[in-house]
file run12.txt (compact mmCIF, C-alpha atoms)
# COMPACT_ATOMS: atom_id res chain seq x y z
CA MET A 136 65.70 103.46 23.64
CA PRO A 137 65.88 105.47 26.89
CA GLU A 138 62.52 105.76 28.61
CA PRO A 139 61.26 109.28 29.40
CA GLY A 140 61.97 110.14 33.03
CA ARG A 141 64.71 107.54 33.44
CA ARG A 142 67.83 109.02 34.95
CA PRO A 143 71.10 107.69 33.54
CA VAL A 144 73.31 105.15 35.24
CA LEU A 145 76.87 106.40 35.80
CA LEU A 146 79.44 103.94 34.44
CA VAL A 147 83.09 104.45 35.40
CA LEU A 148 85.57 102.79 33.02
CA HIS A 149 89.35 102.72 33.17
CA GLN A 150 90.70 102.23 29.65
CA GLU A 151 90.09 104.09 26.40
CA GLN A 152 88.61 101.05 24.65
CA SER A 153 86.75 99.55 27.63
CA THR A 154 83.03 98.91 27.32
CA PRO A 155 80.36 98.13 29.93
CA GLY A 156 79.71 94.83 28.14
CA ARG A 157 76.55 92.93 28.92
CA LEU A 158 75.73 95.17 31.86
CA GLY A 159 75.48 98.22 29.61
CA ARG A 160 73.21 96.35 27.22
CA LEU A 161 70.90 95.16 30.01
CA LEU A 162 70.62 98.68 31.41
CA GLN A 163 69.74 100.07 27.99
CA GLU A 164 67.15 97.34 27.51
CA ARG A 165 65.56 98.60 30.72
CA GLY A 166 65.43 102.13 29.32
CA TYR A 167 68.33 103.64 31.28
CA PRO A 168 70.68 106.05 29.47
CA LEU A 169 74.38 105.37 30.04
CA ASP A 170 76.59 108.15 31.40
CA ILE A 171 80.07 106.74 30.68
CA ARG A 172 82.99 108.51 32.33
CA ARG A 173 86.71 107.81 32.49
CA PRO A 174 88.26 109.76 35.39
CA ARG A 175 91.65 108.36 34.39
CA PHE A 176 91.42 110.59 31.30
CA GLY A 177 90.05 113.67 33.07
CA ASP A 178 86.29 113.07 33.27
CA PRO A 179 84.77 114.49 36.47
CA LEU A 180 82.57 112.59 38.90
CA PRO A 181 79.31 114.12 40.18
CA GLU A 182 79.11 115.70 43.62
CA THR A 183 75.76 114.03 44.23
CA MET A 184 73.81 111.07 42.86
CA ARG A 185 70.69 113.19 42.52
CA ASP A 186 70.77 113.05 38.71
CA HIS A 187 71.70 109.38 38.39
CA ALA A 188 69.77 106.16 38.97
CA GLY A 189 72.89 104.34 40.10
CA ALA A 190 76.64 104.04 39.59
CA VAL A 191 78.98 101.23 38.55
CA ILE A 192 82.78 101.21 38.81
CA PHE A 193 84.23 98.57 36.51
CA GLY A 194 87.53 96.70 36.53
CA GLY A 195 90.89 97.55 35.06
CA PRO A 196 94.56 96.54 35.04
CA MET A 197 95.49 98.97 37.80
CA SER A 198 95.36 98.35 41.56
CA ALA A 199 93.25 100.02 44.21
CA ASN A 200 96.59 100.47 46.02
CA ASP A 201 98.16 102.48 43.19
CA PRO A 202 99.18 106.06 44.06
CA ASP A 203 97.63 107.60 40.91
CA ALA A 204 95.41 110.58 41.65
CA PHE A 205 92.44 109.19 39.70
CA VAL A 206 92.51 105.97 41.75
CA ARG A 207 92.38 107.90 45.01
CA ARG A 208 89.70 110.18 43.59
CA GLU A 209 87.45 107.25 42.64
CA ILE A 210 87.90 105.58 46.04
CA ASP A 211 87.02 108.79 47.86
CA TRP A 212 84.06 109.43 45.53
CA ILE A 213 82.40 106.15 46.54
CA GLU A 214 81.44 107.92 49.76
CA VAL A 215 78.86 109.88 47.71
CA PRO A 216 76.54 106.95 46.81
CA LEU A 217 77.17 105.37 50.22
CA ARG A 218 76.20 108.55 52.05
CA GLU A 219 73.10 109.06 49.89
CA GLU A 220 72.23 105.31 49.97
CA ARG A 221 72.02 105.26 46.19
CA PRO A 222 72.60 102.12 44.12
CA PHE A 223 76.32 101.44 43.75
CA LEU A 224 78.03 98.43 42.18
CA GLY A 225 81.76 97.73 42.11
CA LEU A 226 83.07 95.05 39.78
CA CYS A 227 86.53 93.53 40.40
CA LEU A 228 88.69 96.68 40.77
CA GLY A 229 85.50 98.60 41.61
CA ALA A 230 84.72 96.13 44.41
CA GLN A 231 88.25 96.49 45.73
CA MET A 232 87.85 100.28 45.66
CA LEU A 233 84.61 99.96 47.64
CA ALA A 234 86.36 97.79 50.21
CA LYS A 235 89.31 100.17 50.45
CA CYS A 236 86.96 103.16 50.84
CA LEU A 237 85.58 101.40 53.92
CA GLY A 238 88.99 100.62 55.42
CA ALA A 239 89.43 97.02 54.27
CA THR A 240 92.63 95.53 52.86
CA VAL A 241 93.33 94.96 49.17
CA CYS A 242 96.29 92.68 48.48
CA ALA A 243 97.72 89.94 46.29
CA HIS A 244 97.31 86.26 47.10
CA PRO A 245 100.04 85.20 49.57
CA LYS A 246 101.26 82.52 47.13
CA GLY A 247 100.98 84.71 44.05
CA ARG A 248 97.96 82.93 42.66
CA ALA A 249 95.48 84.51 40.26
CA GLU A 250 91.87 83.88 39.35
CA ILE A 251 91.58 84.10 35.57
CA GLY A 252 88.72 82.05 34.16
CA TYR A 253 85.65 80.40 35.71
CA TYR A 254 85.77 79.45 39.40
CA PRO A 255 83.19 78.22 41.95
CA LEU A 256 81.09 80.74 43.86
CA LEU A 257 79.88 79.73 47.31
CA PRO A 258 77.02 81.80 48.81
CA THR A 259 77.02 82.44 52.55
CA GLU A 260 73.88 82.35 54.69
CA ALA A 261 73.46 86.09 53.98
CA GLY A 262 74.02 85.34 50.31
CA ARG A 263 71.33 82.67 50.29
CA ASP A 264 68.96 85.15 51.89
CA PHE A 265 69.85 87.64 49.17
CA ALA A 266 69.13 85.04 46.48
CA GLY A 267 65.65 84.70 47.97
CA GLU A 268 65.34 88.48 48.00
CA ILE A 269 65.97 88.78 44.27
CA GLY A 270 64.25 85.51 43.36
CA GLN A 271 67.27 83.99 41.60
CA PRO A 272 69.98 81.60 42.83
CA TRP A 273 73.64 82.50 42.52
CA PRO A 274 75.49 80.94 39.59
CA SER A 275 77.72 78.03 40.58
CA HIS A 276 80.73 79.45 38.67
CA VAL A 277 81.62 83.01 37.66
CA TYR A 278 84.26 84.65 35.49
CA HIS A 279 87.34 86.24 37.05
CA TRP A 280 90.35 88.21 35.90
CA HIS A 281 92.39 89.40 38.88
CA ARG A 282 95.52 88.90 40.99
CA GLU A 283 94.39 90.87 44.05
CA GLY A 284 91.52 90.34 46.45
CA PHE A 285 90.01 92.17 49.41
CA THR A 286 88.84 91.57 52.93
CA CYS A 287 85.25 92.22 53.93
CA PRO A 288 85.05 95.69 55.48
CA SER A 289 83.55 96.30 58.89
CA GLY A 290 79.80 96.80 58.63
CA ALA A 291 79.47 94.90 55.33
CA ASP A 292 77.97 91.45 54.76
CA THR A 293 79.84 88.78 52.82
CA LEU A 294 77.36 87.29 50.36
CA ALA A 295 79.63 84.80 48.61
CA THR A 296 83.06 83.26 49.11
CA GLY A 297 85.60 81.40 47.00
CA ASP A 298 88.72 79.30 47.37
CA ASP A 299 91.90 81.29 46.66
CA PHE A 300 90.15 84.63 47.25
CA PRO A 301 87.62 84.22 50.09
CA THR A 302 85.69 87.49 49.63
CA GLN A 303 83.72 87.27 46.40
CA ALA A 304 80.61 89.40 46.98
CA ILE A 305 79.72 91.96 49.64
CA ARG A 306 76.77 94.17 50.47
CA VAL A 307 77.07 97.51 52.22
CA GLY A 308 73.82 98.97 53.49
CA PRO A 309 70.71 98.65 51.35
CA SER A 310 72.10 99.57 47.93
CA ALA A 311 75.89 99.08 47.59
CA PHE A 312 77.45 95.87 46.32
CA GLY A 313 80.95 94.72 45.45
CA LEU A 314 81.58 91.69 43.22
CA GLN A 315 85.09 90.31 42.77
CA PHE A 316 83.96 88.64 39.54
CA HIS A 317 82.83 89.88 36.10
CA PRO A 318 79.14 89.16 35.34
CA GLU A 319 79.30 91.82 32.59
CA VAL A 320 81.79 89.90 30.45
CA THR A 321 80.78 88.90 26.91
CA HIS A 322 82.24 86.27 24.61
CA ALA A 323 83.97 89.01 22.64
CA MET A 324 85.51 90.42 25.83
CA ILE A 325 86.90 87.02 26.84
CA CYS A 326 88.40 86.57 23.39
CA CYS A 327 89.95 90.05 23.55
CA TRP A 328 91.37 89.73 27.08
CA THR A 329 92.85 86.28 26.49
CA VAL A 330 94.67 87.52 23.36
CA ARG A 331 95.80 90.98 24.47
CA ALA A 332 96.90 89.81 27.92
CA ALA A 333 97.86 86.24 27.03
CA GLU A 334 100.96 86.40 29.25
CA ARG A 335 98.72 86.49 32.33
CA LEU A 336 97.37 83.06 31.48
CA ARG A 337 100.73 81.69 32.68
CA LEU A 338 100.13 82.96 36.23
CA PRO A 339 99.64 80.29 38.93
CA GLY A 340 95.96 79.37 39.10
CA ALA A 341 95.00 80.91 35.74
CA GLN A 342 93.03 78.85 33.21
CA ASP A 343 94.05 78.59 29.58
CA ARG A 344 91.95 80.16 26.84
CA ALA A 345 90.26 76.93 25.77
CA ARG A 346 89.14 76.16 29.32
CA GLN A 347 87.77 79.68 29.73
CA ILE A 348 85.69 79.48 26.56
CA GLU A 349 84.45 76.03 27.57
CA GLY A 350 83.55 77.48 30.98
CA ARG A 351 81.53 80.21 29.33
CA PHE A 352 79.39 77.69 27.45
CA MET A 353 78.85 75.73 30.65
CA HIS A 354 78.10 78.57 33.08
CA ASP A 355 77.17 81.80 31.32
CA GLY A 356 73.42 81.10 31.09
CA ARG A 357 73.15 81.04 34.89
CA VAL A 358 75.32 84.15 35.20
CA VAL A 359 73.10 86.22 32.89
CA ALA A 360 69.93 84.97 34.64
CA TRP A 361 71.39 86.07 37.97
CA LEU A 362 72.55 89.45 36.63
CA ASP A 363 69.13 90.09 35.13
CA ALA A 364 67.43 89.53 38.49
CA PHE A 365 70.13 91.43 40.37
CA LEU A 366 69.76 94.55 38.22
CA ASP A 367 65.99 94.60 38.62
CA HIS A 368 66.40 94.46 42.40
CA TRP A 369 69.33 96.91 42.48
CA LEU A 370 67.52 99.58 40.50
CA ALA A 371 64.07 99.06 42.00
CA GLY A 372 62.40 102.40 42.68
CA THR A 373 65.18 104.50 41.10
CA GLY A 374 63.80 105.03 37.63
CA SER A 375 62.36 108.50 38.04
CA PRO A 376 63.28 111.74 39.78
CA GLN A 377 60.22 111.29 41.98
CA ALA A 378 61.62 108.02 43.30
CA ALA A 379 64.77 109.76 44.48
CA SER A 380 62.81 112.25 46.52
call {"tool": "encode", "arguments": {"input": "run12.txt", "output": "structure tokens"}}
result
Amino acid sequence: MPEPGRRPVLLVLHQEQSTPGRLGRLLQERGYPLDIRRPRFGDPLPETMRDHAGAVIFGGPMSANDPDAFVRREIDWIEVPLREERPFLGLCLGAQMLAKCLGATVCAHPKGRAEIGYYPLLPTEAGRDFAGEIGQPWPSHVYHWHREGFTCPSGADTLATGDDFPTQAIRVGPSAFGLQFHPEVTHAMICCWTVRAAERLRLPGAQDRARQIEGRFMHDGRVVAWLDAFLDHWLAGTGSPQAAS
């Protein structure tokens, strides 16, 4: 149940049937109402973060380079939480939008490779410092579903790297983060994605469905422990209107 005085967290989704997955559940367990909006289908975005505890832009099948008006609108809107130094989190497409908002490049792998499944995550020195900050080590492997990556924008810190896509996690200022991976994914989401988009499992670098499910059993416990600690840190001091002032 939402706790009295908790401002909602703004969640930006990109498909009619998309859900915030585990992240939505963990926010609700902490007493935060969810303000789910889909700008692709006409939902507006707030002019200020004053009435929200934080904002998350999730992934989707589109590209941050697409010319659609809603894509450009979301990228431009990210300036609002950045300017106000409010908690912002971009996941996969959302991370690419954050990078593009700051002038970085979003592009496909030069050899056409994809990351679909569980892949190693390698924290940088800044990333190891951040792990100490939140009191939880990074998971060794995280779940991906993407064919494009992004460069680290000027002024941001790279917190974690990978093999085919070197920029895996960035931090911008005190409160904005971009993750190329999907810590929010649930078992049901993996089952759904690997069935509805099964053709993508034939892309170079992609893992088959059995390997992905095996990877979940091997690595998901560490992912949820990290996400739990991350959310506590990310939302620290934002739970009431008084905290914002």
call {"tool": "residues_around", "arguments": {"input": "run12.txt", "residues": "stretch 345-361 of chain A", "least_positions_apart": "6", "cutoff": "10 Å", "atoms": "all atoms listed in the file", "output": "short mmCIF file (atom, residue, chain, number, x, y, z; two decimals) with C-alpha atoms, keeping the file's coordinate frame"}}
result
data_model
loop_
_atom_site.label_atom_id
_atom_site.label_comp_id
_atom_site.auth_asym_id
_atom_site.auth_seq_id
_atom_site.Cartn_x
_atom_site.Cartn_y
_atom_site.Cartn_z
CA ARG A 157 76.55 92.93 28.92
CA LEU A 158 75.73 95.17 31.86
CA LEU A 161 70.90 95.16 30.01
CA ILE A 251 91.58 84.10 35.57
CA GLY A 252 88.72 82.05 34.16
CA TYR A 253 85.65 80.40 35.71
CA TYR A 254 85.77 79.45 39.40
CA ALA A 266 69.13 85.04 46.48
CA ILE A 269 65.97 88.78 44.27
CA GLY A 270 64.25 85.51 43.36
CA GLN A 271 67.27 83.99 41.60
CA PRO A 272 69.98 81.60 42.83
CA TRP A 273 73.64 82.50 42.52
CA PRO A 274 75.49 80.94 39.59
CA SER A 275 77.72 78.03 40.58
CA HIS A 276 80.73 79.45 38.67
CA VAL A 277 81.62 83.01 37.66
CA TYR A 278 84.26 84.65 35.49
CA HIS A 279 87.34 86.24 37.05
CA HIS A 317 82.83 89.88 36.10
CA PRO A 318 79.14 89.16 35.34
CA GLU A 319 79.30 91.82 32.59
CA VAL A 320 81.79 89.90 30.45
CA THR A 321 80.78 88.90 26.91
CA HIS A 322 82.24 86.27 24.61
CA ILE A 325 86.90 87.02 26.84
CA CYS A 326 88.40 86.57 23.39
CA THR A 329 92.85 86.28 26.49
#
call {"tool": "atom_distance", "arguments": {"input": "run12.txt", "atom1": "atom CA of A:Arg142", "atom2": "atom CA of A:Lys235"}}
result
27.9 Å
call {"tool": "closest_residue", "arguments": {"input": "run12.txt", "among": "A:Phe285, A:Phe365, A:Phe312, A:Trp328", "to": "A:Ile213", "atoms": "only C-alpha atoms"}}
result
A:Phe312
call {"tool": "residues_near_point", "arguments": {"input": "run12.txt", "point": "(95.8, 104.8, 49.0)", "cutoff": "12 Å", "atoms": "only C-alpha atoms", "output": "PDB file with C-alpha atoms, in the coordinates of the input"}}
result
ATOM      1  CA  SER A 198      95.360  98.350  41.560  1.00  0.00           C
ATOM      2  CA  ALA A 199      93.250 100.020  44.210  1.00  0.00           C
ATOM      3  CA  ASN A 200      96.590 100.470  46.020  1.00  0.00           C
ATOM      4  CA  ASP A 201      98.160 102.480  43.190  1.00  0.00           C
ATOM      5  CA  PRO A 202      99.180 106.060  44.060  1.00  0.00           C
ATOM      6  CA  ASP A 203      97.630 107.600  40.910  1.00  0.00           C
ATOM      7  CA  ALA A 204      95.410 110.580  41.650  1.00  0.00           C
ATOM      8  CA  PHE A 205      92.440 109.190  39.700  1.00  0.00           C
ATOM      9  CA  VAL A 206      92.510 105.970  41.750  1.00  0.00           C
ATOM     10  CA  ARG A 207      92.380 107.900  45.010  1.00  0.00           C
ATOM     11  CA  ARG A 208      89.700 110.180  43.590  1.00  0.00           C
ATOM     12  CA  GLU A 209      87.450 107.250  42.640  1.00  0.00           C
ATOM     13  CA  ILE A 210      87.900 105.580  46.040  1.00  0.00           C
ATOM     14  CA  ASP A 211      87.020 108.790  47.860  1.00  0.00           C
ATOM     15  CA  GLN A 231      88.250  96.490  45.730  1.00  0.00           C
ATOM     16  CA  MET A 232      87.850 100.280  45.660  1.00  0.00           C
ATOM     17  CA  ALA A 234      86.360  97.790  50.210  1.00  0.00           C
ATOM     18  CA  LYS A 235      89.310 100.170  50.450  1.00  0.00           C
ATOM     19  CA  CYS A 236      86.960 103.160  50.840  1.00  0.00           C
ATOM     20  CA  LEU A 237      85.580 101.400  53.920  1.00  0.00           C
ATOM     21  CA  GLY A 238      88.990 100.620  55.420  1.00  0.00           C
ATOM     22  CA  ALA A 239      89.430  97.020  54.270  1.00  0.00           C
ATOM     23  CA  THR A 240      92.630  95.530  52.860  1.00  0.00           C
ATOM     24  CA  VAL A 241      93.330  94.960  49.170  1.00  0.00           C
TER      25      VAL A 241
END
call {"tool": "atom_distance", "arguments": {"input": "run12.txt", "atom1": "atom CA of A:Met197", "atom2": "atom CA of A:Pro258"}}
result
27.5 Å
call {"tool": "residues_around", "arguments": {"input": "run12.txt", "residues": "A:Leu162", "least_positions_apart": "2", "cutoff": "10 Å", "atoms": "all atoms listed in the file", "output": "PyMOL selection string"}}
result
chain A and resi 137+143-144+155+157-160+164-169+363+366-367+370
call {"tool": "atom_distance", "arguments": {"input": "run12.txt", "atom1": "atom CA of A:Val147", "atom2": "atom CA of A:Ile192"}}
result
4.7 Å
call {"tool": "residues_around", "arguments": {"input": "run12.txt", "residues": "stretch 292-307 of chain A", "least_positions_apart": "3", "cutoff": "6 Å", "atoms": "all atoms listed in the file", "output": "PyMOL selection string"}}
result
chain A and resi 256-259+261-262+284+311-315
call {"tool": "residues_around", "arguments": {"input": "run12.txt", "residues": "A:Ala341", "least_positions_apart": "3", "cutoff": "9 Å", "atoms": "all atoms listed in the file", "output": "list in words"}}
result
Arg248, Ala249, Glu250, Ile251, Gly252, Trp280, Arg335, Leu336, Arg337 and Leu338 of chain A
call {"tool": "axis_aligned_box", "arguments": {"input": "run12.txt", "around": "stretch 325-332 of chain A", "padding_each_side": "4 Å", "output": "JSON"}}
result
{"center_x": 91.9, "center_y": 88.6, "center_z": 25.6, "size_x": 18.0, "size_y": 12.7, "size_z": 12.6}
call {"tool": "build_atoms", "arguments": {"input": "run12.txt", "residues": "stretch 333-344 of chain A", "atoms": "all heavy atoms", "output": "mmCIF file, in the frame of the given file"}}
result
data_model
loop_
_atom_site.group_PDB
_atom_site.id
_atom_site.type_symbol
_atom_site.label_atom_id
_atom_site.label_comp_id
_atom_site.auth_asym_id
_atom_site.auth_seq_id
_atom_site.Cartn_x
_atom_site.Cartn_y
_atom_site.Cartn_z
ATOM 1 N N ALA A 333 97.632 87.690 27.009
ATOM 2 C CA ALA A 333 97.860 86.240 27.030
ATOM 3 C C ALA A 333 98.938 85.846 28.034
ATOM 4 O O ALA A 333 98.898 84.735 28.588
ATOM 5 C CB ALA A 333 98.248 85.769 25.633
ATOM 6 N N GLU A 334 99.884 86.755 28.307
ATOM 7 C CA GLU A 334 100.960 86.400 29.250
ATOM 8 C C GLU A 334 100.424 86.127 30.649
ATOM 9 O O GLU A 334 101.017 85.373 31.417
ATOM 10 C CB GLU A 334 102.008 87.526 29.287
ATOM 11 C CG GLU A 334 101.586 88.804 29.999
ATOM 12 C CD GLU A 334 100.678 89.712 29.169
ATOM 13 O OE1 GLU A 334 100.450 89.395 27.977
ATOM 14 O OE2 GLU A 334 100.218 90.736 29.709
ATOM 15 N N ARG A 335 99.272 86.707 30.986
ATOM 16 C CA ARG A 335 98.720 86.490 32.330
ATOM 17 C C ARG A 335 98.145 85.092 32.498
ATOM 18 O O ARG A 335 97.918 84.653 33.626
ATOM 19 C CB ARG A 335 97.657 87.546 32.634
ATOM 20 C CG ARG A 335 98.217 88.951 32.666
ATOM 21 C CD ARG A 335 97.321 89.917 33.379
ATOM 22 N NE ARG A 335 97.886 91.256 33.428
ATOM 23 C CZ ARG A 335 97.359 92.263 34.097
ATOM 24 N NH1 ARG A 335 96.241 92.088 34.780
ATOM 25 N NH2 ARG A 335 97.935 93.447 34.100
ATOM 26 N N LEU A 336 97.902 84.416 31.391
ATOM 27 C CA LEU A 336 97.370 83.060 31.480
ATOM 28 C C LEU A 336 98.424 82.086 32.002
ATOM 29 O O LEU A 336 98.102 80.937 32.317
ATOM 30 C CB LEU A 336 96.862 82.595 30.109
ATOM 31 C CG LEU A 336 95.819 83.507 29.440
ATOM 32 C CD1 LEU A 336 95.271 82.852 28.185
ATOM 33 C CD2 LEU A 336 94.691 83.857 30.403
ATOM 34 N N ARG A 337 99.674 82.533 32.121
ATOM 35 C CA ARG A 337 100.730 81.690 32.680
ATOM 36 C C ARG A 337 100.873 81.862 34.194
ATOM 37 O O ARG A 337 101.689 81.199 34.825
ATOM 38 C CB ARG A 337 102.061 82.021 31.993
ATOM 39 C CG ARG A 337 102.079 81.676 30.508
ATOM 40 C CD ARG A 337 103.492 81.745 29.940
ATOM 41 N NE ARG A 337 103.976 83.115 29.878
ATOM 42 C CZ ARG A 337 103.817 83.926 28.836
ATOM 43 N NH1 ARG A 337 103.155 83.494 27.759
ATOM 44 N NH2 ARG A 337 104.304 85.156 28.842
ATOM 45 N N LEU A 338 100.071 82.754 34.781
ATOM 46 C CA LEU A 338 100.130 82.960 36.230
ATOM 47 C C LEU A 338 99.610 81.725 36.963
ATOM 48 O O LEU A 338 98.719 81.025 36.457
ATOM 49 C CB LEU A 338 99.304 84.181 36.626
ATOM 50 C CG LEU A 338 99.833 85.536 36.178
ATOM 51 C CD1 LEU A 338 98.787 86.617 36.404
ATOM 52 C CD2 LEU A 338 101.117 85.894 36.942
ATOM 53 N N PRO A 339 100.143 81.437 38.155
ATOM 54 C CA PRO A 339 99.640 80.290 38.930
ATOM 55 C C PRO A 339 98.137 80.423 39.184
ATOM 56 O O PRO A 339 97.664 81.469 39.635
ATOM 57 C CB PRO A 339 100.427 80.374 40.245
ATOM 58 C CG PRO A 339 101.642 81.175 39.923
ATOM 59 C CD PRO A 339 101.243 82.143 38.858
ATOM 60 N N GLY A 340 97.396 79.381 38.876
ATOM 61 C CA GLY A 340 95.960 79.370 39.100
ATOM 62 C C GLY A 340 95.130 79.780 37.898
ATOM 63 O O GLY A 340 93.921 79.523 37.866
ATOM 64 N N ALA A 341 95.742 80.440 36.909
ATOM 65 C CA ALA A 341 95.000 80.910 35.740
ATOM 66 C C ALA A 341 94.624 79.745 34.823
ATOM 67 O O ALA A 341 95.365 78.761 34.704
ATOM 68 C CB ALA A 341 95.811 81.943 34.973
ATOM 69 N N GLN A 342 93.476 79.862 34.171
ATOM 70 C CA GLN A 342 93.030 78.850 33.210
ATOM 71 C C GLN A 342 93.448 79.253 31.804
ATOM 72 O O GLN A 342 93.497 80.446 31.480
ATOM 73 C CB GLN A 342 91.503 78.719 33.289
ATOM 74 C CG GLN A 342 90.989 78.257 34.634
ATOM 75 C CD GLN A 342 89.479 78.302 34.739
ATOM 76 O OE1 GLN A 342 88.789 78.646 33.775
ATOM 77 N NE2 GLN A 342 88.950 77.949 35.907
ATOM 78 N N ASP A 343 93.702 78.273 30.960
ATOM 79 C CA ASP A 343 94.050 78.590 29.580
ATOM 80 C C ASP A 343 92.814 79.031 28.807
ATOM 81 O O ASP A 343 91.674 78.922 29.287
ATOM 82 C CB ASP A 343 94.774 77.433 28.898
ATOM 83 C CG ASP A 343 93.909 76.174 28.763
ATOM 84 O OD1 ASP A 343 92.666 76.279 28.669
ATOM 85 O OD2 ASP A 343 94.490 75.077 28.752
ATOM 86 N N ARG A 344 93.043 79.560 27.627
ATOM 87 C CA ARG A 344 91.950 80.160 26.840
ATOM 88 C C ARG A 344 90.857 79.144 26.511
ATOM 89 O O ARG A 344 89.664 79.451 26.613
ATOM 90 C CB ARG A 344 92.542 80.743 25.553
ATOM 91 C CG ARG A 344 91.597 81.618 24.771
ATOM 92 C CD ARG A 344 92.370 82.360 23.679
ATOM 93 N NE ARG A 344 91.558 83.373 23.030
ATOM 94 C CZ ARG A 344 90.958 83.184 21.858
ATOM 95 N NH1 ARG A 344 91.079 82.042 21.215
ATOM 96 N NH2 ARG A 344 90.236 84.163 21.331
#
